[in-house]
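Q: Next up is a structure, given as structure tokens.
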Amino acid sequence: MATDASKSGEQTLFVRKASGLVKGWSSTDGFRYSFFSVNLFLAIWSFAYATFIPGGSMFWAIVITAIFIILEIVVYAGLISAMPRAGGDYVWMTRIFHSSVGFVIAAVGWWFILWLWTPIYADMGVQTTIKPIFRILGLHGAADWLGTATGIFVASLVVIAIASILVAVGMKTYANFQKWAMWIGLAGVIVCGILLLVTSGDSFKEKFNQAAEKYYGGDVGLLDLTKYEQDEAGLFVYDDEGNMVVVEGETNAGAFEAVEAVGAGTGMPTSTFSGGLSWATWAIIPFMLFWMAWPNWGATLYGEVRGAKDFRKNIYQMLGGLLVPTAIALAFLGLMTWKVGYQAFMGMMASFWWGISPIGGDYISPTAMISWIVPNAAFQVILIAAISLLLFGWFGTLFLSSTRMIFASAFDRILPERAAKVTSGGVPVVALLLMTIPSTIVAALYAYTPIVEERGVTIVKLFTYDATFGIIIMFLGSGLAFMVMKWRARGIWENSALPKSGIAGIPWMAIIAAVYCAFLVFNIFMFVWDPDGVYYINLWESALFMGGLYLAGVVIWIVAWTIRKKQGMELEAVAKEIPVE
Amino acid sequence: MRVRLFFATDVHGSEVCWRKFINSARHYEADVLILGGDMTGKAIVPIVQTGPEQWRYHMLDITHDLNGADDLAKAERLIKDHGYYPVALTPEERDEYTSDEDKLEELFHAQMRKTVEEWVEWADMKLEGSGIQCIVCPGNDDRHDIDDILATSKHMQVGEGNVLDLPEGYQLASSGWTNLTPWDTPREEDEPKLKERIMGIVKQATVPPERLVLGLHAPPYDTQLDVAPKIDWETLTVQGQDSAHVGSTAVKEVIEEVQPILSLHGHIHESRAAVRIGRTLAVNPGSSYVEGMVAGVVVDLDGKSKLKRYRLTSG
């Protein structure tokens, strides 16, 4: 016998000897998974995207996004607490709405669209980490090759291999790997912070120029100090064909001066606060979702973790996963502003997308440029590699959630039984194939489809934000499910430990979900409307791609429904609650 | 002719799950209902009187203050749906139960018996004239005396230690006994004894393996059906993120040797899965009783020698 006591010391629960009493997934494990998902590499990649809307304030875009994502955390903590099942969004939507709705939306969000994330992961890994390391090591041929279509495709295959291995080793081993990866990566981040703190702006610029000269200049021949004409306001001057006008006979003094010129010439703001709460700032928010929307990425896994019914614990771990990387990202922006000026930093980011990066067109990786402060190649490689564990430790999340969604729909028999097959070693072999094979095809399309001249990237690479869009739609579905849970799934609602208080009969939980859904609708609207022409979701090719994915989901569900009906059991019966009375 | 079984397990005192289980035959169009054990609850929630018509209780970290008999009745229903036993007590009675283990034991005993009696009565009412075969088998957490109460049912059969006939010439051999657990529960024993017990039951079967269904509460060892948090047997606390296979080697050996068409298990709530062990499909549908949901499995047998299909459910 055992007893639980309240804060006052009174006994509030008498417990007898019975099996399975104790559960308790470490909050640290949940925090770590969220922390990796709100990935710092996605953050620095998003900073480059934000250059497309120079009139907005990145600081305020981050803060506003964080506030709304806190609502997401409450919504998902609630859903997990009420129904902690493997499959997450799929299970909630199928149970609260309908089997078809849940499957189609979740299949796109947790399964199909992650095929597109594969080359995105690869591209980021190559640009932020592998290429800078290869440059430092003098492996320019390999670095250049990685920038080719075949290089991106092969890098995608490597991502597929890493992601598959991390899934195959199981959650426990992966959690251990994430633990070490996080500490080593964070140690690297701390070293970067210290380096930035103790280095003066002038010294940073000097080291930046020296490293650029050393790794890209001289015989290497990649350093491009071309000076472009700027008007009185400092903006680049374009000729009739839309090309920037080169100042003949002059060059920038160094790579840093070149990126400074890019910052001014492309109209980047001088302060991260510039733009305040203007419309342009709100237009940056969809870009920020690319890295900040994912503290709930572990939602599909909570059927396997302990303590998932604890609403507050779920909130704490996801909140930590959001706030720590957000604070680090803001601190980084602050340090860069302090040391080199915000406009120059944005110039570094913009130079890649504008195709005028002075370092051979390469992305100016924040980790690399900070490592350059110490003019020692070994130190630089070690620092970049250490921080890259924050990226590689995250790769397993690419397929892990998908496999759980596939399992859940196989258990419900929308997919065949064999989709949930695991080997004796626990490897979800069929679910992995359902990820790896299509991912390979999408990676090939990402790498080899025709290049869009005015953007300099392939047509499928232009769909990058579809990868966020498809998941955001799914989050909206789950948000709506949580909003109506009290009415659509009364039994689950009543049995949950969620706070039931509210106003005028509407629980606060539903109100929070409604505000969160409104935020998502705003972002979906922005993606589709795209007044600045920066998200590329409303391209007809992109619409075709997304439409194809949803159509595939619909077709699978209809085929499954037809087969199961013939077999004497409708899919809806599986998802419906059994009557109580 | 096809036979459809619906199997669920580990409802642990949740009244809403019990009712759903009984109603699941119509929902899933099943011919046979099988409950795989651990019917009884694990905890009592004391509803302590704070005034003439006022009570207070704590559940899931929330304090509830009740005013009047209606509030009390609603709270009792909610607590029962969670799988706990609600007991209205004065503060003095609560303190007495806190300090006297034997008295608390008696209270548990009485609550479990009362609840099972009520469940049997309700099930008999619902199953009357339905033509549905309903089999319940206690599990390791259930005391032995509930078997006698279950045996009083007009429309339910008790599985423990028995081989029961199913439609179309199938048979079900059941036992709620498990291998040893850290909790020293009523129906557990070491592996050799467990194997002897199960084989003793299986030998009573008169059908070939392709028409035999096993209903064994403990899942087979080292499969996807038996993964649980790793627990320190001294402190009964979870060991970090570690998990362990906690199923029964005896059960696994019996399945490997007998090769029944189907083997149904429970016990490990978080290990919801289905695996093939030779020709046998072994399933643990898991348990979501705390959420008031019945996790189960629908299995279609073809009436001959094949298992046509199965589907894990949650309703």
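Convention: chains lettered A, B, ... in structure tokens order; per-chain residue numbering from 1; ligands numbered from 1 as shown.
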Could you make a table, as a tab-separated table, of the residues of chain B that have an atom within 6 Å of an atom of chain A, each with its nearest atom pair and distance in Å to one decimal, counting only C-alpha atoms, in chain and number order?
A:
residue	atom	partner	partner_atom	distance
B:Arg19	CA	A:Val580	CA	5.4
B:Lys20	CA	A:Val580	CA	4.9
B:Lys42	CA	A:Arg16	CA	5.7
B:Ala43	CA	A:Val15	CA	4.3
B:Ile44	CA	A:Phe14	CA	5.0
B:Val45	CA	A:Leu13	CA	4.9
B:His58	CA	A:Thr12	CA	5.7
B:Leu60	CA	A:Ala497	CA	6.0
B:Asp141	CA	A:Ala18	CA	5.5
B:Trp183	CA	A:Ser19	CA	5.7
B:Thr185	CA	A:Ala18	CA	6.0
B:Glu291	CA	A:Asn495	CA	5.6
B:Leu312	CA	A:Phe411	CA	5.2
B:Thr313	CA	A:Val574	CA	5.5
B:Gly315	CA	A:Glu577	CA	3.9
Q: Please provide the set of residues having any atom within 12 Å of Glu93 (chain B), restricted to only C-alpha atoms, with same-chain residues fewer than 3 positions apart removed, written as a PyMOL selection string.
A: (chain A and resi 11) or (chain B and resi 46-49+87-90+96-100+103-104+107)
Q: Could you check which of B:Ser314, B:Asn162, B:Gln204, B:Ser130 is closest to Cys17 (chain B), using only C-alpha atoms?
A: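 Closest to Cys17 (chain B) of all the choices is B:Ser314.
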Q: Looking only at the backbone, which of the residues in region 225-376 of chain A does DSSP tag as strand (DSSP E or B), as a list in words?
A: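 Reading the DSSP output for region 225-376 of chain A, strand (DSSP E or B) covers Thr226, Lys227, Tyr228, Gln230, Phe236, Tyr238, Met244, Val246, Val247, Glu248, Gly249, Glu250, Thr251 and Ile359 of chain A.
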Q: Just the selected residues (N, CA and C atoms), exported as a PDB file, in the first residue's frame, please.
A:
ATOM      1  N   THR A 226      34.281  42.214 -56.386  1.00  0.00           N
ATOM      2  CA  THR A 226      33.651  43.116 -57.357  1.00  0.00           C
ATOM      3  C   THR A 226      32.868  44.214 -56.640  1.00  0.00           C
ATOM      4  N   LYS A 227      33.063  45.418 -57.116  1.00  0.00           N
ATOM      5  CA  LYS A 227      32.353  46.545 -56.520  1.00  0.00           C
ATOM      6  C   LYS A 227      31.190  46.917 -57.434  1.00  0.00           C
ATOM      7  N   TYR A 228      30.032  47.021 -56.841  1.00  0.00           N
ATOM      8  CA  TYR A 228      28.850  47.368 -57.635  1.00  0.00           C
ATOM      9  C   TYR A 228      28.464  48.818 -57.357  1.00  0.00           C
ATOM     10  N   GLN A 230      26.510  52.044 -56.467  1.00  0.00           N
ATOM     11  CA  GLN A 230      25.425  52.337 -55.526  1.00  0.00           C
ATOM     12  C   GLN A 230      24.958  53.770 -55.741  1.00  0.00           C
ATOM     13  N   PHE A 236      22.025  49.459 -54.681  1.00  0.00           N
ATOM     14  CA  PHE A 236      22.669  49.049 -55.933  1.00  0.00           C
ATOM     15  C   PHE A 236      21.913  49.640 -57.126  1.00  0.00           C
ATOM     16  N   TYR A 238      20.850  49.218 -61.045  1.00  0.00           N
ATOM     17  CA  TYR A 238      20.608  48.129 -62.007  1.00  0.00           C
ATOM     18  C   TYR A 238      20.524  48.690 -63.419  1.00  0.00           C
ATOM     19  N   MET A 244      23.061  44.201 -61.894  1.00  0.00           N
ATOM     20  CA  MET A 244      23.738  45.230 -61.107  1.00  0.00           C
ATOM     21  C   MET A 244      24.900  45.796 -61.920  1.00  0.00           C
ATOM     22  N   VAL A 246      28.462  47.163 -62.503  1.00  0.00           N
ATOM     23  CA  VAL A 246      29.787  46.996 -61.891  1.00  0.00           C
ATOM     24  C   VAL A 246      30.569  48.299 -62.011  1.00  0.00           C
ATOM     25  N   VAL A 247      31.275  48.636 -60.927  1.00  0.00           N
ATOM     26  CA  VAL A 247      32.156  49.804 -60.978  1.00  0.00           C
ATOM     27  C   VAL A 247      33.476  49.333 -61.595  1.00  0.00           C
ATOM     28  N   GLU A 248      33.731  49.775 -62.774  1.00  0.00           N
ATOM     29  CA  GLU A 248      34.922  49.298 -63.482  1.00  0.00           C
ATOM     30  C   GLU A 248      36.189  49.869 -62.849  1.00  0.00           C
ATOM     31  N   GLY A 249      37.195  49.032 -62.745  1.00  0.00           N
ATOM     32  CA  GLY A 249      38.499  49.475 -62.276  1.00  0.00           C
ATOM     33  C   GLY A 249      38.623  49.615 -60.775  1.00  0.00           C
ATOM     34  N   GLU A 250      37.574  49.271 -60.055  1.00  0.00           N
ATOM     35  CA  GLU A 250      37.658  49.360 -58.589  1.00  0.00           C
ATOM     36  C   GLU A 250      37.159  48.047 -57.984  1.00  0.00           C
ATOM     37  N   THR A 251      37.680  47.731 -56.835  1.00  0.00           N
ATOM     38  CA  THR A 251      37.179  46.564 -56.105  1.00  0.00           C
ATOM     39  C   THR A 251      36.978  46.952 -54.645  1.00  0.00           C
ATOM     40  N   ILE A 359      32.748  35.196 -51.093  1.00  0.00           N
ATOM     41  CA  ILE A 359      33.551  33.973 -50.913  1.00  0.00           C
ATOM     42  C   ILE A 359      33.062  32.898 -51.904  1.00  0.00           C
TER      43      ILE A 359
END
Q: Can you work out which one of A:Trp529, A:Leu476, A:Leu235, A:Ala142 has the shortest atom-to-atom distance to Val515 (chain A), counting only C-alpha atoms?
A: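 Among A:Trp529, A:Leu476, A:Leu235, A:Ala142, it is A:Leu476 that comes nearest to Val515 (chain A).
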Q: When you draw a straight line from CA of Ala481 (chain A) to CA of Asn296 (chain A), how long is it in Å?
A: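 Atom-to-atom, CA of Ala481 (chain A) and CA of Asn296 (chain A) are spaced 15.5 Å apart.
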Q: Could you go through region 16-264 of chain B and tell me which residues DSSP, when run on the backbone, assigns to alpha helix (DSSP H), listing them as a ChimeraX atom specification?
A: /B:16-28,68-81,91-99,101-127,145-151,191-202,249-258
Q: Next, the residues of the selection above should be written as a PDB file, in the first residue's frame with C-alpha atoms.
A:
ATOM      1  CA  VAL B  16     -16.398   3.811 -18.775  1.00  0.00           C
ATOM      2  CA  CYS B  17     -13.985   1.280 -20.298  1.00  0.00           C
ATOM      3  CA  TRP B  18     -15.963  -1.638 -18.927  1.00  0.00           C
ATOM      4  CA  ARG B  19     -19.159  -0.295 -20.434  1.00  0.00           C
ATOM      5  CA  LYS B  20     -17.460   0.399 -23.722  1.00  0.00           C
ATOM      6  CA  PHE B  21     -16.016  -3.094 -23.727  1.00  0.00           C
ATOM      7  CA  ILE B  22     -19.432  -4.654 -23.285  1.00  0.00           C
ATOM      8  CA  ASN B  23     -20.830  -2.379 -26.024  1.00  0.00           C
ATOM      9  CA  SER B  24     -17.923  -3.031 -28.381  1.00  0.00           C
ATOM     10  CA  ALA B  25     -19.485  -6.183 -29.847  1.00  0.00           C
ATOM     11  CA  ARG B  26     -22.144  -4.131 -31.595  1.00  0.00           C
ATOM     12  CA  HIS B  27     -19.705  -1.365 -32.498  1.00  0.00           C
ATOM     13  CA  TYR B  28     -17.253  -3.727 -34.171  1.00  0.00           C
ATOM     14  CA  GLY B  68     -24.404  18.895  -2.569  1.00  0.00           C
ATOM     15  CA  ALA B  69     -25.346  15.369  -3.502  1.00  0.00           C
ATOM     16  CA  ASP B  70     -25.468  16.039  -7.259  1.00  0.00           C
ATOM     17  CA  ASP B  71     -21.881  17.224  -7.284  1.00  0.00           C
ATOM     18  CA  LEU B  72     -20.878  14.200  -5.267  1.00  0.00           C
ATOM     19  CA  ALA B  73     -22.587  11.794  -7.661  1.00  0.00           C
ATOM     20  CA  LYS B  74     -20.927  13.431 -10.673  1.00  0.00           C
ATOM     21  CA  ALA B  75     -17.523  13.289  -9.000  1.00  0.00           C
ATOM     22  CA  GLU B  76     -17.974   9.622  -8.161  1.00  0.00           C
ATOM     23  CA  ARG B  77     -18.791   8.875 -11.786  1.00  0.00           C
ATOM     24  CA  LEU B  78     -15.724  10.791 -13.010  1.00  0.00           C
ATOM     25  CA  ILE B  79     -13.443   9.036 -10.543  1.00  0.00           C
ATOM     26  CA  LYS B  80     -14.827   5.639 -11.548  1.00  0.00           C
ATOM     27  CA  ASP B  81     -14.278   6.444 -15.205  1.00  0.00           C
ATOM     28  CA  PRO B  91     -11.506  13.430   7.851  1.00  0.00           C
ATOM     29  CA  GLU B  92     -11.222  11.078  10.815  1.00  0.00           C
ATOM     30  CA  GLU B  93     -11.969   8.038   8.673  1.00  0.00           C
ATOM     31  CA  ARG B  94      -9.414   9.160   6.113  1.00  0.00           C
ATOM     32  CA  ASP B  95      -6.778   9.501   8.817  1.00  0.00           C
ATOM     33  CA  GLU B  96      -7.694   6.097  10.158  1.00  0.00           C
ATOM     34  CA  TYR B  97      -7.200   4.477   6.747  1.00  0.00           C
ATOM     35  CA  THR B  98      -3.947   6.368   6.351  1.00  0.00           C
ATOM     36  CA  SER B  99      -2.536   4.876   9.510  1.00  0.00           C
ATOM     37  CA  GLU B 101      -2.917  -0.708   6.410  1.00  0.00           C
ATOM     38  CA  ASP B 102      -5.125  -3.661   7.262  1.00  0.00           C
ATOM     39  CA  LYS B 103      -8.199  -1.492   7.382  1.00  0.00           C
ATOM     40  CA  LEU B 104      -7.252   0.074   4.065  1.00  0.00           C
ATOM     41  CA  GLU B 105      -6.765  -3.383   2.620  1.00  0.00           C
ATOM     42  CA  GLU B 106     -10.267  -4.290   3.691  1.00  0.00           C
ATOM     43  CA  LEU B 107     -11.609  -1.139   2.100  1.00  0.00           C
ATOM     44  CA  PHE B 108      -9.925  -1.985  -1.192  1.00  0.00           C
ATOM     45  CA  HIS B 109     -11.280  -5.493  -1.009  1.00  0.00           C
ATOM     46  CA  ALA B 110     -14.810  -4.262  -0.445  1.00  0.00           C
ATOM     47  CA  GLN B 111     -14.599  -1.681  -3.218  1.00  0.00           C
ATOM     48  CA  MET B 112     -13.314  -4.186  -5.739  1.00  0.00           C
ATOM     49  CA  ARG B 113     -15.971  -6.742  -4.925  1.00  0.00           C
ATOM     50  CA  LYS B 114     -18.723  -4.152  -5.021  1.00  0.00           C
ATOM     51  CA  THR B 115     -17.529  -2.767  -8.338  1.00  0.00           C
ATOM     52  CA  VAL B 116     -17.189  -6.165  -9.992  1.00  0.00           C
ATOM     53  CA  GLU B 117     -20.666  -7.099  -8.751  1.00  0.00           C
ATOM     54  CA  GLU B 118     -22.071  -3.927 -10.279  1.00  0.00           C
ATOM     55  CA  TRP B 119     -20.206  -4.575 -13.521  1.00  0.00           C
ATOM     56  CA  VAL B 120     -21.519  -8.132 -13.756  1.00  0.00           C
ATOM     57  CA  GLU B 121     -25.052  -6.925 -13.207  1.00  0.00           C
ATOM     58  CA  TRP B 122     -24.712  -4.247 -15.882  1.00  0.00           C
ATOM     59  CA  ALA B 123     -23.084  -6.627 -18.367  1.00  0.00           C
ATOM     60  CA  ASP B 124     -25.766  -9.242 -17.883  1.00  0.00           C
ATOM     61  CA  MET B 125     -28.398  -6.626 -18.556  1.00  0.00           C
ATOM     62  CA  LYS B 126     -26.656  -5.502 -21.770  1.00  0.00           C
ATOM     63  CA  LEU B 127     -25.802  -8.993 -23.015  1.00  0.00           C
ATOM     64  CA  ASP B 145     -12.147 -13.834  -5.120  1.00  0.00           C
ATOM     65  CA  ILE B 146     -13.349 -11.829  -8.095  1.00  0.00           C
ATOM     66  CA  ASP B 147     -13.452 -15.095 -10.073  1.00  0.00           C
ATOM     67  CA  ASP B 148     -16.338 -16.203  -7.882  1.00  0.00           C
ATOM     68  CA  ILE B 149     -18.226 -12.989  -8.496  1.00  0.00           C
ATOM     69  CA  LEU B 150     -17.665 -13.241 -12.244  1.00  0.00           C
ATOM     70  CA  ALA B 151     -18.885 -16.819 -12.142  1.00  0.00           C
ATOM     71  CA  GLU B 191       8.675 -18.948 -15.074  1.00  0.00           C
ATOM     72  CA  PRO B 192       8.881 -22.761 -14.639  1.00  0.00           C
ATOM     73  CA  LYS B 193       5.672 -22.800 -12.587  1.00  0.00           C
ATOM     74  CA  LEU B 194       3.983 -20.482 -15.033  1.00  0.00           C
ATOM     75  CA  LYS B 195       4.877 -22.692 -17.958  1.00  0.00           C
ATOM     76  CA  GLU B 196       3.592 -25.722 -16.102  1.00  0.00           C
ATOM     77  CA  ARG B 197       0.344 -23.886 -15.353  1.00  0.00           C
ATOM     78  CA  ILE B 198      -0.199 -22.723 -18.930  1.00  0.00           C
ATOM     79  CA  MET B 199       0.692 -26.070 -20.472  1.00  0.00           C
ATOM     80  CA  GLY B 200      -1.718 -27.718 -18.051  1.00  0.00           C
ATOM     81  CA  ILE B 201      -4.518 -25.512 -19.393  1.00  0.00           C
ATOM     82  CA  VAL B 202      -3.501 -25.880 -23.033  1.00  0.00           C
ATOM     83  CA  THR B 249       9.768 -16.622 -21.283  1.00  0.00           C
ATOM     84  CA  ALA B 250       7.237 -19.312 -20.342  1.00  0.00           C
ATOM     85  CA  VAL B 251       4.581 -17.674 -22.492  1.00  0.00           C
ATOM     86  CA  LYS B 252       7.017 -17.366 -25.355  1.00  0.00           C
ATOM     87  CA  GLU B 253       8.006 -21.003 -25.100  1.00  0.00           C
ATOM     88  CA  VAL B 254       4.385 -22.136 -25.006  1.00  0.00           C
ATOM     89  CA  ILE B 255       3.594 -20.130 -28.133  1.00  0.00           C
ATOM     90  CA  GLU B 256       6.656 -21.495 -29.912  1.00  0.00           C
ATOM     91  CA  GLU B 257       5.833 -25.060 -28.963  1.00  0.00           C
ATOM     92  CA  VAL B 258       2.056 -25.040 -29.417  1.00  0.00           C
TER      93      VAL B 258
END
Q: Rounded to one decimal in Å, what is the spacing between CA of Ala385 (chain A) and CA of Thr129 (chain A)?
A: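 These two atoms are separated by 7.3 Å.
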Q: May I have a table of the residues of region 313-404 of chain A lying at most 9 Å from region 207-212 of chain A, giving each one's closest pair of atoms and their distance in Å to one decimal, counting only C-alpha atoms, ordered by chain and ascending residue number, as a Markdown table?
A:
| residue | atom | partner | partner_atom | distance |
| --- | --- | --- | --- | --- |
| A:Pro358 | CA | A:Ala212 | CA | 8.3 |
| A:Ile359 | CA | A:Ala212 | CA | 6.4 |
| A:Met369 | CA | A:Phe208 | CA | 6.6 |
| A:Ile370 | CA | A:Phe208 | CA | 8.4 |
| A:Trp372 | CA | A:Ala211 | CA | 6.1 |
| A:Ile373 | CA | A:Lys207 | CA | 5.5 |
| A:Val374 | CA | A:Lys207 | CA | 7.9 |
| A:Pro375 | CA | A:Lys207 | CA | 7.5 |
Q: Write out as a tab-separated table (two decimals) with N, CA and C atoms, in the first residue's frame which residues come within 8 Å of region 262-267 of chain B when counting only C-alpha atoms, dropping same-chain ones fewer than 2 positions away.
A:
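Final file, part_15.tsv:
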chain	number	residue	atom	x	y	z
B	7	PHE	N	-10.91	-8.26	-28.65
B	7	PHE	CA	-10.14	-8.47	-27.42
B	7	PHE	C	-9.66	-7.13	-26.88
B	9	THR	N	-8.10	-5.38	-22.91
B	9	THR	CA	-7.47	-5.83	-21.67
B	9	THR	C	-7.14	-4.65	-20.76
B	10	ASP	N	-6.87	-4.94	-19.51
B	10	ASP	CA	-6.34	-3.95	-18.57
B	10	ASP	C	-7.22	-2.71	-18.45
B	36	GLY	N	-8.99	-9.45	-21.32
B	36	GLY	CA	-7.76	-10.18	-21.00
B	36	GLY	C	-7.17	-9.96	-19.63
B	37	GLY	N	-7.91	-9.40	-18.70
B	37	GLY	CA	-7.36	-9.34	-17.36
B	37	GLY	C	-7.16	-7.95	-16.80
B	38	ASP	N	-6.83	-7.92	-15.50
B	38	ASP	CA	-6.66	-6.68	-14.75
B	38	ASP	C	-7.90	-5.80	-14.86
B	139	GLY	N	-6.63	-10.82	-14.35
B	139	GLY	CA	-5.19	-10.72	-14.59
B	139	GLY	C	-4.42	-10.75	-13.29
B	212	LEU	N	-6.89	-23.08	-32.14
B	212	LEU	CA	-6.70	-22.74	-30.72
B	212	LEU	C	-6.28	-21.28	-30.58
B	213	VAL	N	-6.95	-20.60	-29.65
B	213	VAL	CA	-6.59	-19.21	-29.32
B	213	VAL	C	-6.12	-19.20	-27.87
B	214	LEU	N	-4.98	-18.55	-27.63
B	214	LEU	CA	-4.52	-18.40	-26.25
B	214	LEU	C	-4.86	-16.99	-25.77
B	215	GLY	N	-5.32	-16.93	-24.54
B	215	GLY	CA	-5.53	-15.63	-23.91
B	215	GLY	C	-4.69	-15.59	-22.65
B	216	LEU	N	-3.48	-15.12	-22.77
B	216	LEU	CA	-2.53	-15.13	-21.65
B	216	LEU	C	-2.17	-13.69	-21.30
B	217	HIS	N	-2.41	-13.33	-20.05
B	217	HIS	CA	-2.22	-11.93	-19.68
B	217	HIS	C	-0.78	-11.46	-19.95
B	218	ALA	N	0.18	-12.27	-19.58
B	218	ALA	CA	1.59	-11.88	-19.77
B	218	ALA	C	1.96	-11.99	-21.25
B	219	PRO	N	2.63	-11.00	-21.77
B	219	PRO	CA	3.08	-11.09	-23.17
B	219	PRO	C	4.36	-11.93	-23.27
B	255	ILE	N	4.02	-20.53	-26.78
B	255	ILE	CA	3.59	-20.13	-28.13
B	255	ILE	C	4.46	-20.83	-29.18
B	260	PRO	N	-0.38	-21.81	-31.62
B	260	PRO	CA	-1.81	-21.56	-31.84
B	260	PRO	C	-1.99	-20.54	-32.95
B	269	HIS	N	0.92	-1.98	-20.70
B	269	HIS	CA	0.00	-1.03	-21.35
B	269	HIS	C	0.63	-0.29	-22.51
B	280	THR	N	2.02	-18.14	-35.34
B	280	THR	CA	1.09	-17.49	-34.40
B	280	THR	C	1.13	-15.97	-34.53
B	281	LEU	N	-0.06	-15.38	-34.56
B	281	LEU	CA	-0.11	-13.92	-34.44
B	281	LEU	C	-0.29	-13.61	-32.95
B	282	ALA	N	0.68	-12.89	-32.39
B	282	ALA	CA	0.59	-12.50	-30.98
B	282	ALA	C	0.31	-11.01	-30.91
B	283	VAL	N	-0.71	-10.64	-30.13
B	283	VAL	CA	-1.13	-9.24	-30.08
B	283	VAL	C	-1.25	-8.77	-28.63
B	284	ASN	N	-0.74	-7.58	-28.40
B	284	ASN	CA	-1.03	-6.86	-27.17
B	284	ASN	C	-1.62	-5.51	-27.58
B	285	PRO	N	-2.92	-5.32	-27.40
B	285	PRO	CA	-3.51	-4.05	-27.85
B	285	PRO	C	-3.19	-2.87	-26.95
B	286	GLY	N	-2.50	-3.13	-25.81
B	286	GLY	CA	-2.18	-2.06	-24.89
B	286	GLY	C	-3.40	-1.61	-24.11
B	287	SER	N	-3.22	-0.54	-23.35
B	287	SER	CA	-4.35	-0.04	-22.57
B	287	SER	C	-4.29	1.47	-22.45
B	307	LEU	N	-6.09	-17.07	-40.10
B	307	LEU	CA	-6.47	-15.79	-39.50
B	307	LEU	C	-6.57	-14.81	-40.66
Q: By how many Å are CA of Thr28 (chain A) and CA of Ile328 (chain A) apart?
A: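 That distance, rounded to one decimal, is 18.2 Å.
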Q: Taking 4 positions as the minimum chain separation for residues in the same chain, which residues sit within 7 Å of region 552-557 of chain A when counting only C-alpha atoms? Answer as a PyMOL selection string.
A: chain A and resi 100+104+107-108+414+548+561
Q: Which is closest to Arg404 (chain A) among A:Asn252, A:Thr300, A:Ser274, A:Thr281, if we use only C-alpha atoms?
A: A:Thr300
Q: For Gly355 (chain A), list every protein, DNA or RNA residue within 12 Å, evaluated using only C-alpha atoms, and leave out those in the same chain fewer than 4 positions away; present the list as an NGL selection string.
A: :A and (224 or 243-244 or 259 or 262 or 266 or 347-351 or 359-364 or 453-457)
